[in-house]
Amino acid sequence: MTAIVEVRDLTKRYDGEKLALKNLSFKIVKGEIIALLGPNGAGKTSLISAICGLTTISQGKVFVSGFDVQADYRNARSLIGLVPQELMLEPFETVMGTVSLSRGLFGKAPNPSYLRGILERLSLWDKRDSPIRELSGGMKRRVLIAKALSHDPKILFLDEPTAGVDVDLRRDMWRLVKDLQRNGVTIVLTTHYIEEAEEIADRIAVIHDGQILLIEDKRLLMKRLGKKQLLIELAEPIETLSNVLEELGVKLHHEGCRLTYTYDMEVEQTGIPEILGALKSEGIRFNDVRTEQSSLEEIFIELIADKTG
Amino acid sequence: MNYYAIRAIYTFEMARTLRTPLQSFASPVISTILYFIVFGSAIGHRMIPVDGVSYGAFIVPGLIMLTVMTQSIANASFGIYFPKFLGTIYEHLSAPISPIEMVTGYVGAAATKSVVVGLIILGVSFLFVPLEIAHPALMMGLLMATAFCFSLLGFILGLWARNFEQLNFVPTLIITPLVFLGGSFYSIDMLPPIWRDVSMLNPAMYLISGFRWAFFGSSDVSIQLSVVVIGFFIAVFLGIIWWIFATGYRLRN
């Protein structure tokens with residue numbers, strides 16, 4: 001797998017004081033969607049800013065497609081598109097005007113038909129001559145994406161792209177991101193919506209306090225750190241668990257109406273047949289049996305909680 | 001060289017100007033007409049000619065310089081400060097643009113606007129006073145050099161300012177007094193010796209004096225010295241801008 005971004009020993013210190021990034025090293029694989037997760041102030045935006053050139057690098061190196069983002073910034077930056085977290089747009093400019101500016105800034109000749117294609121794809125073509133101040137928040141978010149795509153980038157950084165947008169637009173964005181990936185664009189996404197990472201990311205990186213706690217394939221991560229839980233809804237409530245069930249690790253919940261059992265998906269002997277056998281032998285009847293898998297959100301919360309003690 | 005970026009910034013900035021023609025062009029022209037009415041028509045005929053030039057004509061170069069200097073600073077400082085204020089500067093910082101290209105786009109647009117305003121004022125002045133320009137090519141050269149020089153200063157100011165108060169602080173409290181006291185409306189020979197000496201420390205005086213020389217062939221200081229002073233300030237301002245981009249001061253932090 002080819003790395004399109006390589007971060008080597010990256011450190012960022014603001015004004016000689018706060019250490020926002022602490023010696024980070026990792027690679028982003030060409031064509032993947034990678035989600036950067038972390039609590040507020042973890043360093044997600046600082047990391048994107050350092051890669052994209054918005055902030056100086058205190059120490060270390062970042063390469064985009066082999067180009068050093070400092071020494072060879074022209075080649076490196078021309079491959080990058082950035083959608084910032086805030087709705088930062090000039091209110092009096094028109095949609096087409098601001099998208100054309102973006103294309104020019106990235107050294108591309110005017111190409112109205114290409115820009116038309118982007119605006120149509122983002123349902124902005126009808127608004128091309130509208131001043132940005134007249135657009136809704138969701139539309140402004142689309143304009144930011146159109147600007148980032150105006151120069152046909154090979155890697156797109158989306159800094160919390162769905163913050164504050166409605167469910168429909170969020171789903172539209174997810175579809176767009178998947179489309180871009182199919183067209184060969186690498187996507188780096190920061191988000192607070194872990195559901196979003198779970199839905200669209202190929203890999204997950206968890207950042208906390210300027211350090212990367214882990215970076216791993218999403219499915220492997222969920223399999224490795226995720227827990228599965230067996231839930232048994234009893235036909236009649238019971239007051240206490242038998243010693244056998246307790247020793248098997250079963251817990252009693254919901255005023256004696258539900259049994260729960262957490263097990264490891266990776267092991268061969270899950271213990272479920274033994275539990276069902278014990279229930280039968282003790283004459284405990286049940287109405288429903290189901291399993292639940294821990295979400296990425298639960299894994300994330302556990303990881304951060306472990307780190308913060 | 002990223003010519004498309006320079007063009008994009010330049011046309012974007014010029015488009016902003018054309019969206020607000022009253023603010024961009026009418027406002028400075030009306031202010032200047034008022035100066036002509038007050039200093040040229042109302043007071044001017046009571047003033048003795050300066051170096052053989054009627055007072056009404058004498059103030060024309062000073063009025064043009066006054067407007068060009070203040071407009072250049074205002075245009076360039078606002079041009080770069082507004083994207084900082086809105087946050088849209090992120091796009092310039094993440095684009096494959098060199099500092100030279102960014103300065104060329106922003107300062108070029110700011111200087112263009114100022115030169116256009118200066119030429120409009122010159123055109124208007126022909127309506128009020130009889131005027132002949134001794135060295136038209138040099139006049140144009142100095143007009144453009146001054147617009148460029150003060151646009152560079154405005155660009156620095158816009159990069160430095162953290163808020164609108166700081167943005168207005170330098171033009172209001174430093175530049176305007178320097179330009180007013182730099183001989184816009186008088187020859188420094190009219191001043192008592194001590195104030196004449198103080199005026200020699202005023203950089204604006206050299207620029208106004210040089211511009212006046214291009215009109216009338218006479219001025220407070222030699223044209224060569226005026227050209228050297230303009231060149232010196234352009235070099236200093238370019239050096240400061242280079243340092244800002246090299247360190248990311250108030251830009252990439």
# chains A, B, ... in the order shown; residues from 1 in each chain; ligands from 1
$ residues_around --residues "Ile175 in chain B" --least-positions-apart "3" --cutoff "10 Å" --atoms "only C-alpha atoms" --output "ChimeraX atom specification"
/B:66,69-70,73,150,169-172,178-181,204
$ write_last_selection --atoms "N, CA and C atoms" --output "PDB file, in the first residue's frame"
ATOM      1  N   LEU B  66      -1.839  62.904  -0.744  1.00  0.00           N
ATOM      2  CA  LEU B  66      -2.585  62.655   0.502  1.00  0.00           C
ATOM      3  C   LEU B  66      -3.569  61.510   0.288  1.00  0.00           C
ATOM      4  N   MET B  69      -1.700  58.043  -0.676  1.00  0.00           N
ATOM      5  CA  MET B  69      -1.050  57.409   0.481  1.00  0.00           C
ATOM      6  C   MET B  69      -2.087  56.786   1.425  1.00  0.00           C
ATOM      7  N   THR B  70      -3.092  57.568   1.769  1.00  0.00           N
ATOM      8  CA  THR B  70      -4.073  57.039   2.731  1.00  0.00           C
ATOM      9  C   THR B  70      -4.912  55.912   2.112  1.00  0.00           C
ATOM     10  N   ILE B  73      -2.865  52.615   1.872  1.00  0.00           N
ATOM     11  CA  ILE B  73      -2.795  51.921   3.162  1.00  0.00           C
ATOM     12  C   ILE B  73      -4.145  51.277   3.488  1.00  0.00           C
ATOM     13  N   PHE B 150       3.118  52.589  -0.273  1.00  0.00           N
ATOM     14  CA  PHE B 150       2.165  52.664   0.838  1.00  0.00           C
ATOM     15  C   PHE B 150       1.217  51.458   0.865  1.00  0.00           C
ATOM     16  N   PHE B 169      -5.527  52.334  13.756  1.00  0.00           N
ATOM     17  CA  PHE B 169      -4.622  53.096  14.621  1.00  0.00           C
ATOM     18  C   PHE B 169      -3.504  53.773  13.823  1.00  0.00           C
ATOM     19  N   VAL B 170      -2.811  52.996  13.019  1.00  0.00           N
ATOM     20  CA  VAL B 170      -1.646  53.528  12.305  1.00  0.00           C
ATOM     21  C   VAL B 170      -2.035  54.601  11.288  1.00  0.00           C
ATOM     22  N   PRO B 171      -3.050  54.356  10.424  1.00  0.00           N
ATOM     23  CA  PRO B 171      -3.413  55.418   9.473  1.00  0.00           C
ATOM     24  C   PRO B 171      -3.877  56.698  10.153  1.00  0.00           C
ATOM     25  N   THR B 172      -4.680  56.549  11.206  1.00  0.00           N
ATOM     26  CA  THR B 172      -5.263  57.738  11.835  1.00  0.00           C
ATOM     27  C   THR B 172      -4.241  58.521  12.647  1.00  0.00           C
ATOM     28  N   LEU B 178       1.463  62.570   9.404  1.00  0.00           N
ATOM     29  CA  LEU B 178       2.718  62.692   8.655  1.00  0.00           C
ATOM     30  C   LEU B 178       2.468  63.285   7.268  1.00  0.00           C
ATOM     31  N   VAL B 179       1.387  62.835   6.638  1.00  0.00           N
ATOM     32  CA  VAL B 179       1.104  63.314   5.284  1.00  0.00           C
ATOM     33  C   VAL B 179       0.654  64.776   5.327  1.00  0.00           C
ATOM     34  N   PHE B 180      -0.204  65.104   6.298  1.00  0.00           N
ATOM     35  CA  PHE B 180      -0.653  66.500   6.421  1.00  0.00           C
ATOM     36  C   PHE B 180       0.518  67.433   6.700  1.00  0.00           C
ATOM     37  N   LEU B 181       1.433  66.969   7.564  1.00  0.00           N
ATOM     38  CA  LEU B 181       2.560  67.817   7.947  1.00  0.00           C
ATOM     39  C   LEU B 181       3.752  67.636   7.009  1.00  0.00           C
ATOM     40  N   ALA B 204       7.140  61.324   4.541  1.00  0.00           N
ATOM     41  CA  ALA B 204       6.086  61.693   3.584  1.00  0.00           C
ATOM     42  C   ALA B 204       6.474  62.959   2.824  1.00  0.00           C
TER      43      ALA B 204
END
$ interface_residues --of "chain A" --to "chain B" --cutoff "10 Å" --atoms "only C-alpha atoms" --output "ChimeraX atom specification"
/A:13-15,46,49-57,72-84,86-93,97-98,100-110,147-148
$ residues_around --residues "Gly60 in chain A" --least-positions-apart "4" --cutoff "6 Å" --atoms "only C-alpha atoms" --output "NGL selection string"
:A and (8-10)
$ write_last_selection --atoms "N, CA and C atoms" --output "short mmCIF file (atom, residue, chain, number, x, y, z; two decimals), in the first residue's frame"
data_model
loop_
_atom_site.label_atom_id
_atom_site.label_comp_id
_atom_site.auth_asym_id
_atom_site.auth_seq_id
_atom_site.Cartn_x
_atom_site.Cartn_y
_atom_site.Cartn_z
N ARG A 8 6.47 12.40 10.03
CA ARG A 8 7.62 11.87 10.75
C ARG A 8 7.98 12.78 11.93
N ASP A 9 7.83 12.26 13.11
CA ASP A 9 8.26 12.95 14.35
C ASP A 9 7.74 14.39 14.41
N LEU A 10 6.48 14.56 14.09
CA LEU A 10 5.91 15.91 14.01
C LEU A 10 5.60 16.47 15.40
#
$ select_by_dssp --residues "range 66-162 of chain A" --states "strand (DSSP E or B)" --output "list in words"
Phe67, Asp68, Ile80, Gly81, Leu82, Val83, Thr94, Pro131, Ile155, Leu156, Phe157, Leu158 and Asp159 of chain A
$ atom_distance --atom1 "CA of Leu122 in chain A" --atom2 "CA of Val5 in chain A"
26.8 Å
$ select_by_dssp --residues "range 63-168 of chain B" --states "alpha helix (DSSP H)" --output "ChimeraX atom specification"
/B:63-86,89-94,99-128,136-160,164-168
$ residues_around --residues "range 233-240 of chain A" --least-positions-apart "2" --cutoff "6 Å" --atoms "only C-alpha atoms" --output "VMD selection string"
chain A and resid 256 to 258 285 to 288
$ write_last_selection --atoms "all heavy atoms" --output "PDB file, in the first residue's frame"
ATOM      1  N   GLY A 256     -34.412  -7.777  37.893  1.00  0.00           N
ATOM      2  CA  GLY A 256     -34.503  -9.236  37.781  1.00  0.00           C
ATOM      3  C   GLY A 256     -35.114  -9.750  36.498  1.00  0.00           C
ATOM      4  O   GLY A 256     -35.356 -10.951  36.346  1.00  0.00           O
ATOM      5  N   CYS A 257     -35.354  -8.824  35.535  1.00  0.00           N
ATOM      6  CA  CYS A 257     -36.011  -9.253  34.285  1.00  0.00           C
ATOM      7  C   CYS A 257     -35.014  -9.556  33.169  1.00  0.00           C
ATOM      8  O   CYS A 257     -35.402 -10.092  32.120  1.00  0.00           O
ATOM      9  CB  CYS A 257     -36.972  -8.174  33.798  1.00  0.00           C
ATOM     10  SG  CYS A 257     -38.397  -8.030  34.883  1.00  0.00           S
ATOM     11  N   ARG A 258     -33.742  -9.116  33.317  1.00  0.00           N
ATOM     12  CA  ARG A 258     -32.797  -9.319  32.217  1.00  0.00           C
ATOM     13  C   ARG A 258     -31.468  -9.869  32.750  1.00  0.00           C
ATOM     14  O   ARG A 258     -30.951  -9.392  33.768  1.00  0.00           O
ATOM     15  CB  ARG A 258     -32.526  -7.990  31.495  1.00  0.00           C
ATOM     16  CG  ARG A 258     -31.509  -8.136  30.378  1.00  0.00           C
ATOM     17  CD  ARG A 258     -31.119  -6.815  29.787  1.00  0.00           C
ATOM     18  NE  ARG A 258     -32.205  -6.235  29.001  1.00  0.00           N
ATOM     19  CZ  ARG A 258     -32.170  -5.010  28.486  1.00  0.00           C
ATOM     20  NH1 ARG A 258     -31.110  -4.233  28.710  1.00  0.00           N
ATOM     21  NH2 ARG A 258     -33.175  -4.553  27.791  1.00  0.00           N
ATOM     22  N   ARG A 285     -37.270 -19.579  32.527  1.00  0.00           N
ATOM     23  CA  ARG A 285     -37.773 -19.409  31.167  1.00  0.00           C
ATOM     24  C   ARG A 285     -37.462 -17.987  30.683  1.00  0.00           C
ATOM     25  O   ARG A 285     -37.399 -17.055  31.492  1.00  0.00           O
ATOM     26  CB  ARG A 285     -39.271 -19.668  31.142  1.00  0.00           C
ATOM     27  CG  ARG A 285     -39.613 -21.153  31.417  1.00  0.00           C
ATOM     28  CD  ARG A 285     -41.112 -21.428  31.294  1.00  0.00           C
ATOM     29  NE  ARG A 285     -41.880 -20.674  32.268  1.00  0.00           N
ATOM     30  CZ  ARG A 285     -42.806 -19.780  31.947  1.00  0.00           C
ATOM     31  NH1 ARG A 285     -43.070 -19.495  30.692  1.00  0.00           N
ATOM     32  NH2 ARG A 285     -43.481 -19.146  32.895  1.00  0.00           N
ATOM     33  N   PHE A 286     -37.301 -17.862  29.378  1.00  0.00           N
ATOM     34  CA  PHE A 286     -37.024 -16.528  28.819  1.00  0.00           C
ATOM     35  C   PHE A 286     -37.821 -16.305  27.537  1.00  0.00           C
ATOM     36  O   PHE A 286     -38.204 -17.261  26.848  1.00  0.00           O
ATOM     37  CB  PHE A 286     -35.525 -16.326  28.573  1.00  0.00           C
ATOM     38  CG  PHE A 286     -34.843 -17.452  27.845  1.00  0.00           C
ATOM     39  CD1 PHE A 286     -34.819 -17.480  26.458  1.00  0.00           C
ATOM     40  CD2 PHE A 286     -34.221 -18.483  28.544  1.00  0.00           C
ATOM     41  CE1 PHE A 286     -34.181 -18.508  25.793  1.00  0.00           C
ATOM     42  CE2 PHE A 286     -33.599 -19.521  27.872  1.00  0.00           C
ATOM     43  CZ  PHE A 286     -33.567 -19.537  26.490  1.00  0.00           C
ATOM     44  N   ASN A 287     -38.085 -15.012  27.260  1.00  0.00           N
ATOM     45  CA  ASN A 287     -38.884 -14.641  26.076  1.00  0.00           C
ATOM     46  C   ASN A 287     -38.031 -14.283  24.867  1.00  0.00           C
ATOM     47  O   ASN A 287     -38.477 -14.400  23.730  1.00  0.00           O
ATOM     48  CB  ASN A 287     -39.760 -13.411  26.377  1.00  0.00           C
ATOM     49  CG  ASN A 287     -40.826 -13.763  27.404  1.00  0.00           C
ATOM     50  OD1 ASN A 287     -41.240 -14.916  27.504  1.00  0.00           O
ATOM     51  ND2 ASN A 287     -41.241 -12.773  28.181  1.00  0.00           N
ATOM     52  N   ASP A 288     -36.813 -13.766  25.147  1.00  0.00           N
ATOM     53  CA  ASP A 288     -36.008 -13.249  24.020  1.00  0.00           C
ATOM     54  C   ASP A 288     -34.526 -13.391  24.339  1.00  0.00           C
ATOM     55  O   ASP A 288     -34.112 -13.225  25.501  1.00  0.00           O
ATOM     56  CB  ASP A 288     -36.349 -11.769  23.784  1.00  0.00           C
ATOM     57  CG  ASP A 288     -35.698 -11.215  22.537  1.00  0.00           C
ATOM     58  OD1 ASP A 288     -35.489 -12.000  21.581  1.00  0.00           O
ATOM     59  OD2 ASP A 288     -35.361 -10.020  22.520  1.00  0.00           O
TER      60      ASP A 288
END
